[in-house]
>>> print(open('protein.txt').read())   # compact mmCIF, C-alpha atoms and all ligand atoms
# COMPACT_ATOMS: atom_id res chain seq x y z
CA MET D 59 0.77 18.96 -5.38
CA MET D 60 3.50 21.62 -5.47
CA GLN D 61 6.53 19.37 -5.75
CA ALA D 62 7.30 17.25 -8.81
CA PRO D 63 6.10 13.75 -7.96
CA LEU D 64 8.59 11.04 -7.10
CA LEU D 65 6.41 8.14 -8.20
CA THR D 66 3.90 8.54 -11.01
CA VAL D 67 1.42 5.82 -11.95
CA ARG D 68 -0.68 6.47 -15.04
CA ASN D 69 -3.54 4.35 -16.34
CA LEU D 70 -2.21 1.15 -14.86
CA SER D 71 -4.31 -1.84 -15.86
CA ILE D 72 -3.67 -5.42 -14.86
CA THR D 73 -5.43 -8.48 -16.16
CA LEU D 74 -5.78 -12.02 -14.95
CA HIS D 75 -5.51 -14.68 -17.62
CA ARG D 76 -8.07 -17.38 -16.91
CA GLU D 77 -9.67 -19.92 -19.24
CA GLY D 78 -8.59 -18.02 -22.33
CA LYS D 79 -9.96 -14.72 -21.04
CA HIS D 80 -8.21 -11.58 -19.83
CA LEU D 81 -10.17 -10.45 -16.81
CA PRO D 82 -9.53 -6.96 -15.43
CA VAL D 83 -8.03 -6.92 -11.94
CA LEU D 84 -6.83 -3.32 -11.97
CA ASN D 85 -8.44 -0.77 -14.24
CA ASP D 86 -6.93 2.53 -15.28
CA VAL D 87 -5.33 3.29 -11.93
CA SER D 88 -3.47 6.61 -11.66
CA PHE D 89 -1.83 8.27 -8.70
CA ASP D 90 1.30 10.18 -7.69
CA VAL D 91 3.48 10.13 -4.62
CA ALA D 92 5.54 13.23 -3.79
CA PRO D 93 9.03 12.95 -2.30
CA GLY D 94 8.68 12.20 1.40
CA GLU D 95 4.92 11.72 1.17
CA VAL D 96 2.94 8.80 2.62
CA LEU D 97 0.14 7.69 0.31
CA GLY D 98 -2.33 5.35 1.99
CA VAL D 99 -4.05 2.78 -0.24
CA VAL D 100 -7.23 1.43 1.33
CA GLY D 101 -10.16 -0.75 0.31
CA GLU D 102 -11.79 -4.08 1.11
CA SER D 103 -10.06 -7.39 0.56
CA GLY D 104 -9.80 -8.15 -3.16
CA ALA D 105 -9.92 -4.51 -4.28
CA GLY D 106 -6.54 -4.87 -6.00
CA LYS D 107 -4.32 -3.11 -3.49
CA SER D 108 -1.65 -5.81 -3.26
CA VAL D 109 -1.67 -6.37 -7.01
CA ALA D 110 -1.06 -2.64 -7.50
CA GLY D 111 1.80 -2.70 -4.99
CA ALA D 112 3.41 -5.72 -6.65
CA ALA D 113 3.07 -4.10 -10.08
CA LEU D 114 5.01 -1.06 -8.90
CA ILE D 115 8.11 -3.16 -8.32
CA ASP D 116 7.57 -5.64 -11.15
CA LEU D 117 6.68 -8.52 -8.84
CA LEU D 118 3.52 -9.62 -10.64
CA VAL D 119 3.52 -13.29 -11.50
CA PRO D 120 1.37 -15.12 -14.05
CA PRO D 121 -1.60 -15.40 -14.39
CA LEU D 122 -1.44 -11.66 -13.58
CA ARG D 123 -0.05 -9.34 -16.22
CA ARG D 124 0.24 -5.60 -16.72
CA SER D 125 -1.79 -4.81 -19.82
CA SER D 126 -1.11 -1.07 -19.90
CA GLY D 127 0.15 1.82 -17.87
CA GLU D 128 3.19 3.94 -17.16
CA ILE D 129 5.11 3.81 -13.90
CA SER D 130 7.81 6.43 -13.36
CA LEU D 131 10.24 6.88 -10.50
CA GLY D 132 11.73 10.34 -10.85
CA ARG D 133 12.71 10.57 -14.50
CA ASP D 134 12.93 6.82 -15.00
CA ARG D 135 10.23 4.69 -16.56
CA LEU D 136 10.04 1.53 -14.45
CA ASP D 137 7.53 -0.08 -16.80
CA LEU D 138 10.11 0.00 -19.62
CA MET D 139 12.96 -1.49 -17.59
CA SER D 140 14.35 -4.98 -18.10
CA PRO D 141 14.01 -7.51 -15.25
CA ARG D 142 17.71 -6.97 -14.58
CA GLN D 143 17.34 -3.20 -14.34
CA MET D 144 14.33 -3.69 -12.05
CA ARG D 145 16.39 -5.88 -9.73
CA ASN D 146 18.65 -2.89 -9.20
CA VAL D 147 15.71 -0.63 -8.48
CA ARG D 148 14.14 -3.04 -5.97
CA GLY D 149 15.91 -2.83 -2.65
CA LYS D 150 18.01 0.14 -3.72
CA ARG D 151 15.57 2.80 -4.88
CA VAL D 152 12.35 1.13 -3.76
CA GLY D 153 12.20 -0.75 -0.48
CA PHE D 154 9.36 -3.06 0.44
CA ILE D 155 7.70 -4.39 3.56
CA PHE D 156 5.15 -7.19 3.23
CA GLN D 157 2.61 -8.58 5.64
CA ASP D 158 4.51 -11.77 6.34
CA PRO D 159 8.08 -10.97 7.44
CA MET D 160 9.23 -14.40 6.27
CA THR D 161 8.60 -13.45 2.62
CA SER D 162 11.24 -10.73 2.98
CA LEU D 163 13.73 -12.63 5.13
CA ASN D 164 16.01 -15.43 4.09
CA PRO D 165 15.36 -18.19 6.64
CA VAL D 166 18.91 -19.59 6.52
CA LEU D 167 20.94 -16.38 6.78
CA SER D 168 21.66 -14.50 9.98
CA ILE D 169 20.03 -11.09 10.42
CA GLY D 170 23.48 -9.46 10.30
CA LYS D 171 24.36 -11.15 7.00
CA GLN D 172 21.06 -10.04 5.44
CA LEU D 173 21.57 -6.44 6.51
CA THR D 174 25.20 -6.29 5.37
CA ASP D 175 24.45 -8.06 2.06
CA THR D 176 21.69 -5.57 1.29
CA MET D 177 23.88 -2.57 2.05
CA GLN D 178 26.84 -4.07 0.20
CA ALA D 179 24.71 -4.60 -2.90
CA HIS D 180 23.35 -1.09 -2.97
CA LEU D 181 25.59 1.36 -1.13
CA LYS D 182 29.13 2.43 -1.96
CA ILE D 183 30.54 2.24 1.53
CA GLY D 184 33.31 0.21 3.12
CA ARG D 185 33.01 -3.00 5.14
CA ALA D 186 33.62 -1.38 8.52
CA GLU D 187 30.95 1.24 7.87
CA ILE D 188 28.49 -1.44 6.72
CA LYS D 189 29.07 -3.38 9.96
CA ARG D 190 28.61 -0.26 12.00
CA ARG D 191 25.39 0.57 10.21
CA ALA D 192 23.99 -2.96 10.57
CA LEU D 193 24.35 -2.64 14.32
CA ALA D 194 22.93 0.87 14.26
CA TRP D 195 19.87 -0.29 12.26
CA VAL D 196 19.07 -3.03 14.74
CA GLU D 197 19.23 -0.44 17.53
CA ARG D 198 17.25 2.05 15.51
CA VAL D 199 14.33 -0.33 15.01
CA GLY D 200 14.21 -0.75 18.77
CA LEU D 201 15.62 -4.25 19.30
CA PRO D 202 17.50 -4.97 22.50
CA ASN D 203 20.92 -6.62 22.52
CA PRO D 204 21.76 -5.83 18.88
CA GLU D 205 24.96 -7.91 18.78
CA ARG D 206 22.95 -11.00 19.61
CA ILE D 207 20.22 -10.11 17.08
CA LEU D 208 22.80 -9.73 14.30
CA LYS D 209 23.95 -13.30 14.88
CA ALA D 210 20.43 -14.72 15.14
CA ALA D 211 18.51 -16.51 12.39
CA PRO D 212 15.00 -15.22 11.59
CA HIS D 213 13.26 -18.16 13.31
CA GLU D 214 14.95 -17.23 16.60
CA LEU D 215 13.04 -13.93 16.69
CA SER D 216 9.40 -13.21 17.47
CA GLY D 217 7.02 -12.07 14.72
CA GLY D 218 7.23 -8.47 15.89
CA GLN D 219 11.04 -8.59 16.05
CA ARG D 220 11.17 -10.05 12.56
CA GLN D 221 8.97 -7.28 11.20
CA ARG D 222 11.30 -4.72 12.79
CA ILE D 223 14.18 -6.34 10.91
CA VAL D 224 12.17 -6.25 7.67
CA ILE D 225 11.71 -2.51 8.23
CA ALA D 226 15.46 -2.11 8.79
CA LEU D 227 16.15 -4.11 5.60
CA ALA D 228 13.70 -2.00 3.61
CA LEU D 229 15.36 1.23 4.75
CA CYS D 230 19.05 0.35 5.09
CA ALA D 231 19.87 0.96 1.42
CA GLU D 232 18.32 4.43 1.73
CA PRO D 233 15.52 4.00 -0.80
CA GLU D 234 13.55 6.92 -2.22
CA ILE D 235 10.28 5.16 -1.53
CA VAL D 236 9.01 2.14 0.40
CA ILE D 237 6.04 0.00 -0.60
CA ALA D 238 4.49 -1.38 2.59
CA ASP D 239 1.69 -3.92 2.08
CA GLU D 240 -0.27 -4.61 5.28
CA PRO D 241 2.93 -4.21 7.34
CA THR D 242 1.18 -4.72 10.66
CA THR D 243 -1.71 -7.04 9.82
CA ALA D 244 0.03 -10.29 10.76
CA LEU D 245 1.11 -8.99 14.16
CA ASP D 246 -0.59 -9.08 17.53
CA VAL D 247 -2.78 -6.04 18.11
CA SER D 248 -0.52 -4.86 20.93
CA VAL D 249 2.54 -5.02 18.63
CA GLN D 250 0.75 -3.33 15.71
CA ALA D 251 0.64 0.05 17.44
CA GLN D 252 4.35 -0.16 18.34
CA MET D 253 5.20 -1.01 14.75
CA LEU D 254 3.21 1.93 13.41
CA ASP D 255 4.96 4.24 15.85
CA LEU D 256 8.31 2.90 14.69
CA MET D 257 7.40 3.35 11.03
CA ARG D 258 6.25 6.88 11.71
CA THR D 259 9.42 7.79 13.60
CA LEU D 260 11.65 6.33 10.88
CA HIS D 261 9.61 8.02 8.17
CA LYS D 262 10.12 11.37 9.90
CA GLU D 263 13.84 10.76 10.34
CA THR D 264 14.60 9.45 6.86
CA GLY D 265 12.07 11.39 4.79
CA THR D 266 11.46 8.30 2.67
CA ALA D 267 8.22 8.38 0.69
CA MET D 268 5.83 5.50 1.22
CA VAL D 269 2.92 3.71 -0.38
CA LEU D 270 1.11 2.18 2.58
CA ILE D 271 -1.37 -0.52 1.62
CA THR D 272 -3.88 -1.44 4.31
CA HIS D 273 -7.50 -2.40 4.83
CA ASP D 274 -7.35 -0.50 8.14
CA LEU D 275 -8.57 3.08 8.04
CA GLY D 276 -7.09 3.64 11.50
CA VAL D 277 -3.65 2.98 10.04
CA VAL D 278 -4.05 5.52 7.24
CA ALA D 279 -5.51 8.09 9.61
CA LYS D 280 -2.35 7.79 11.68
CA MET D 281 0.22 7.55 8.92
CA ALA D 282 -0.90 8.88 5.53
CA ASP D 283 -0.74 12.37 4.05
CA ARG D 284 -3.13 11.42 1.27
CA VAL D 285 -5.32 8.40 0.66
CA ALA D 286 -6.33 6.48 -2.46
CA VAL D 287 -9.47 4.41 -1.96
CA PHE D 288 -9.64 1.31 -4.14
CA TYR D 289 -12.84 -0.49 -5.10
CA ALA D 290 -13.06 -3.41 -7.52
CA GLY D 291 -9.75 -2.55 -9.18
CA ARG D 292 -10.26 1.18 -9.51
CA VAL D 293 -9.34 4.28 -7.53
CA VAL D 294 -12.72 5.68 -6.48
CA GLU D 295 -11.49 8.51 -4.26
CA LEU D 296 -8.20 10.27 -3.74
CA ALA D 297 -7.82 13.08 -1.23
CA ALA D 298 -5.74 14.52 1.58
CA THR D 299 -6.28 12.35 4.66
CA SER D 300 -7.86 15.18 6.67
CA ASP D 301 -10.31 15.99 3.84
CA LEU D 302 -11.16 12.34 3.31
CA PHE D 303 -12.02 11.76 6.94
CA ALA D 304 -13.78 15.11 7.38
CA THR D 305 -15.98 14.76 4.29
CA PRO D 306 -15.75 11.56 2.29
CA ARG D 307 -17.26 12.25 -1.15
CA HIS D 308 -17.58 8.75 -2.60
CA PRO D 309 -20.38 6.72 -0.98
CA TYR D 310 -17.98 3.77 -0.79
CA THR D 311 -15.49 5.78 1.27
CA ALA D 312 -18.29 6.90 3.56
CA GLY D 313 -19.39 3.26 3.79
CA LEU D 314 -15.90 2.12 4.71
CA MET D 315 -15.83 4.69 7.47
CA GLY D 316 -19.17 3.43 8.69
CA ALA D 317 -17.71 -0.09 8.66
CA THR D 318 -14.84 1.01 10.87
CA PRO D 319 -15.63 0.65 14.56
CA ALA D 320 -16.30 4.10 15.99
CA PRO D 321 -17.57 5.05 19.44
CA ASP D 322 -21.19 6.22 19.62
CA ALA D 323 -22.45 8.98 21.95
CA GLU D 324 -22.21 6.60 24.91
CA GLY D 325 -18.70 5.52 23.99
CA ARG D 326 -19.74 2.06 22.75
CA MET D 327 -17.98 0.85 19.62
CA GLN D 328 -20.39 0.63 16.69
CA VAL D 329 -19.90 -0.93 13.28
CA VAL D 330 -22.27 -0.39 10.38
CA PRO D 331 -21.08 -2.68 7.58
CA ILE D 332 -21.73 -1.90 3.91
CA PRO D 333 -24.46 -4.29 2.75
CA GLY D 334 -23.51 -6.82 0.08
CA ALA D 335 -20.04 -7.79 -1.10
CA MET D 336 -17.50 -6.43 -3.53
CA PRO D 337 -17.89 -8.09 -6.94
CA GLY D 338 -15.26 -10.65 -7.83
CA ILE D 339 -12.99 -10.60 -10.86
CA GLY D 340 -14.92 -11.17 -14.07
CA ALA D 341 -18.24 -10.40 -12.35
CA LEU D 342 -18.19 -6.61 -12.44
CA PRO D 343 -21.61 -4.99 -12.75
CA SER D 344 -22.21 -2.47 -15.54
CA GLY D 345 -21.56 1.22 -14.94
CA CYS D 346 -20.18 2.07 -11.52
CA ALA D 347 -19.04 -1.18 -9.90
CA PHE D 348 -20.31 0.04 -6.53
CA HIS D 349 -23.87 0.84 -7.68
CA PRO D 350 -25.52 -2.41 -6.47
CA ARG D 351 -24.36 -1.61 -2.92
CA CYS D 352 -24.83 2.13 -3.05
CA THR D 353 -27.62 3.93 -1.21
CA ARG D 354 -27.25 6.95 -3.52
CA ALA D 355 -27.38 5.03 -6.82
CA GLN D 356 -29.47 6.53 -9.63
CA PRO D 357 -30.36 4.94 -12.98
CA ASP D 358 -27.33 6.51 -14.71
CA CYS D 359 -24.98 4.73 -12.25
CA ARG D 360 -25.89 1.47 -13.99
CA GLU D 361 -24.84 2.84 -17.37
CA ILE D 362 -21.79 5.03 -16.88
CA VAL D 363 -18.38 4.19 -15.43
CA PRO D 364 -17.69 7.42 -13.52
CA PRO D 365 -14.29 8.96 -14.23
CA LEU D 366 -12.08 10.02 -11.32
CA ALA D 367 -12.90 13.72 -11.40
CA ALA D 368 -11.69 16.75 -9.44
CA LEU D 369 -13.99 18.10 -6.72
CA GLU D 370 -13.36 21.08 -4.44
CA ALA D 371 -10.78 19.02 -2.56
CA GLY D 372 -9.52 15.76 -3.98
CA LEU D 373 -10.92 13.44 -6.63
CA ALA D 374 -13.87 11.07 -6.68
CA ALA D 375 -15.21 8.64 -9.28
CA CYS D 376 -18.91 9.12 -8.60
CA LEU D 377 -21.80 10.58 -10.59
CA HIS D 378 -23.59 11.62 -7.41
CA PRO D 379 -20.93 12.35 -4.82
CA LEU D 380 -21.84 13.20 -1.26
CA PRO D 381 -22.07 16.92 -0.64
CA ARG D 382 -19.00 18.41 0.92
CA GLU D 383 -20.41 19.56 4.22
CA VAL D 384 -22.64 16.58 5.03
CA ARG D 385 -21.18 13.45 6.48
CA SER D 386 -23.25 10.32 5.94
N1 LIG W 1 -1.95 -14.88 -8.30
C1 LIG W 1 -3.25 -14.65 -8.43
N2 LIG W 1 -4.02 -15.49 -9.13
C2 LIG W 1 -5.33 -15.28 -9.27
N3 LIG W 1 -5.99 -14.23 -8.75
C3 LIG W 1 -5.28 -13.36 -8.05
C4 LIG W 1 -3.88 -13.53 -7.84
N4 LIG W 1 -3.45 -12.49 -7.08
C5 LIG W 1 -4.53 -11.73 -6.83
N5 LIG W 1 -5.63 -12.24 -7.41
C6 LIG W 1 -6.98 -11.67 -7.37
O1 LIG W 1 -6.89 -10.31 -7.72
C7 LIG W 1 -7.81 -9.54 -6.95
C8 LIG W 1 -7.09 -8.44 -6.23
O2 LIG W 1 -6.30 -9.02 -5.22
P1 LIG W 1 -5.40 -8.20 -4.20
O3 LIG W 1 -4.66 -9.18 -3.38
O4 LIG W 1 -4.65 -7.16 -4.91
O5 LIG W 1 -6.50 -7.51 -3.30
P2 LIG W 1 -6.27 -6.67 -2.00
O6 LIG W 1 -7.08 -5.44 -2.16
O7 LIG W 1 -4.83 -6.50 -1.73
O8 LIG W 1 -6.93 -7.58 -0.90
P3 LIG W 1 -6.24 -8.31 0.34
O9 LIG W 1 -6.28 -7.29 1.42
O10 LIG W 1 -7.15 -9.46 0.59
O11 LIG W 1 -4.88 -8.71 -0.11
C9 LIG W 1 -8.51 -10.52 -6.02
O12 LIG W 1 -9.77 -10.86 -6.57
C10 LIG W 1 -7.58 -11.70 -5.99
O13 LIG W 1 -8.32 -12.87 -5.76
>>> encode(input="protein.txt", output="structure tokens", more="lines below")
Ligand SMILES: Nc1ncnc2c1ncn2[C@@H]1O[C@H](COP(=O)(O)OP(=O)(O)OP(=O)(O)O)[C@@H](O)[C@H]1O
Amino acid sequence: MMQAPLLTVRNLSITLHREGKHLPVLNDVSFDVAPGEVLGVVGESGAGKSVAGAALIDLLVPPLRRSSGEISLGRDRLDLMSPRQMRNVRGKRVGFIFQDPMTSLNPVLSIGKQLTDTMQAHLKIGRAEIKRRALAWVERVGLPNPERILKAAPHELSGGQRQRIVIALALCAEPEIVIADEPTTALDVSVQAQMLDLMRTLHKETGTAMVLITHDLGVVAKMADRVAVFYAGRVVELAATSDLFATPRHPYTAGLMGATPAPDAEGRMQVVPIPGAMPGIGALPSGCAFHPRCTRAQPDCREIVPPLAALEAGLAACLHPLPREVRS
């Protein structure tokens, strides 16, 4: 990465406190996001993607706790900030978009009030300008009849319209980075594609960096510059999106791609799922957590936790990575 990173996460570990034990949920996770970059975070359900996203903006709640790790935004250490300081970072410097729009919207306030409140809290601009921008944001996220939308309450809008407003709210204070956790998953398939197009357009226009959490490889292929693949609380592969899709190096990444519907030679959609299931919290196998499901596993995979190591392009945490030119 040529540019100094905007967001730096180093050795982030998160534990779950249960029955007197601290069980690892996230283990030694490190990644960077450059200014303006989109980092995709993918992996099966339960891999720790949402927990990682919540940790970035200090939204973890007990029984989850950060046990170690440094999180920096520019020169500022977020992990050392007080809850009060973090409240100023959230919304202003870091926007967020969650799966369920209702978690980001206040059900009793009009859309206009929520947009103007957010801008008022974070931007040093006058009332008239805030009003103008609220209207402009509603138009910009593609909603018809913006005056009416500004007066509406969230429940008067459709799910897709609400998620458009959440996107406007996440961006209206001009954050440096947005954390988007499954931003399209709750929407109808037909609306999902529109929402991705909108996010892509706005990303291009604003240059805001993004951490895009999704279980959907199609979404990262469309949106992300680089991808971090999570498995059982660890980053197992990190690479530029084009490299990752051209030659996945970690067998889990290759497996995920096999589990994504892809057309065969006759154009029929085929899915080859990875056999077995991801281990749950507190039930991690020894060595590489993926080894019981891995077709390439060797005896040493049972013993050694592979470090995330540099390959020709990107990083993979695997003792026996796939060769670069062969695609499994
Ligand atoms: N509040 C909580 N209490 C107990 N366990 C939790 C809590 N939040 C998350 N977990 C557990 O932590 C692990 C990681 O969850 P996380 O939601 O981050 O996974 P994910 O990769 O985002 O998957 P999904 O796509 O299903 O959200 C899971 O095993 C989950 O059950």
>>> residues_around(input="protein.txt", residues="range 314-331 of chain D", least_positions_apart="5", cutoff="9 Å", atoms="only C-alpha atoms", output="ChimeraX atom specification")
/D:101-102,274-276,303,306,309,386
>>> closest_residue(input="protein.txt", among="D:Val166, D:Ile339, D:Leu117, D:Leu136", to="ligand LIG 1 (chain W)", atoms="all atoms listed in the file")
D:Ile339
>>> residues_around(input="protein.txt", residues="Thr66 in chain D", least_positions_apart="3", cutoff="10 Å", atoms="all atoms listed in the file", output="list of chain:residue names")
D:Ala62, D:Pro63, D:Ser88, D:Phe89, D:Asp90, D:Val91, D:Ala92, D:Leu114, D:Glu128, D:Ile129, D:Ser130, D:Leu131, D:Gly132, D:Arg133, D:Arg135, D:Leu136
>>> closest_residue(input="protein.txt", among="D:Leu208, D:Ile271, D:Leu181, D:Leu366", to="ligand LIG 1 (chain W)", atoms="only C-alpha atoms and all ligand atoms")
D:Ile271
>>> residues_around(input="protein.txt", residues="Val196 in chain D", least_positions_apart="5", cutoff="8 Å", atoms="all atoms listed in the file", output="list in words")
Leu201, Pro204, Ile207, Leu208, Ile223 and Ala226 of chain D
>>> closest_atom_pairs(input="protein.txt", of="chain D", to="ligand LIG 1 (chain W)", cutoff="6 Å", atoms="all atoms listed in the file", output="JSON lines")
{"residue": "D:Val83", "atom": "CA", "partner": "W:LIG1", "partner_atom": "O1", "distance": 5.5}
{"residue": "D:Glu102", "atom": "CA", "partner": "W:LIG1", "partner_atom": "O6", "distance": 5.9}
{"residue": "D:Ser103", "atom": "CA", "partner": "W:LIG1", "partner_atom": "O8", "distance": 3.5}
{"residue": "D:Gly104", "atom": "CA", "partner": "W:LIG1", "partner_atom": "O5", "distance": 3.4}
{"residue": "D:Ala105", "atom": "CA", "partner": "W:LIG1", "partner_atom": "O6", "distance": 3.7}
{"residue": "D:Gly106", "atom": "CA", "partner": "W:LIG1", "partner_atom": "O4", "distance": 3.2}
{"residue": "D:Lys107", "atom": "CA", "partner": "W:LIG1", "partner_atom": "O6", "distance": 3.8}
{"residue": "D:Ser108", "atom": "CA", "partner": "W:LIG1", "partner_atom": "O7", "distance": 3.6}
{"residue": "D:Val109", "atom": "CA", "partner": "W:LIG1", "partner_atom": "O4", "distance": 3.7}
{"residue": "D:Pro121", "atom": "CA", "partner": "W:LIG1", "partner_atom": "N2", "distance": 5.8}
{"residue": "D:Gly338", "atom": "CA", "partner": "W:LIG1", "partner_atom": "O12", "distance": 5.6}
{"residue": "D:Ile339", "atom": "CA", "partner": "W:LIG1", "partner_atom": "O12", "distance": 5.4}
>>> atom_distance(input="protein.txt", atom1="CA of Cys352 in chain D", atom2="CA of Arg76 in chain D")
29.2 Å
>>> residues_around(input="protein.txt", residues="Val224 in chain D", least_positions_apart="4", cutoff="9 Å", atoms="all atoms listed in the file", output="number ranges by chain")
D: 154-156, 159-160, 162-163, 219-220, 228-229
>>> atom_distance(input="protein.txt", atom1="CA of Asp134 in chain D", atom2="CA of Gln157 in chain D")
27.7 Å
>>> closest_residue(input="protein.txt", among="D:Gly265, D:Val100, D:Gln61, D:Val147", to="Leu296 in chain D", atoms="all atoms listed in the file")
D:Val100
>>> closest_residue(input="protein.txt", among="D:Gln143, D:Pro212, D:Val277, D:Gly94", to="Thr161 in chain D", atoms="all atoms listed in the file")
D:Pro212
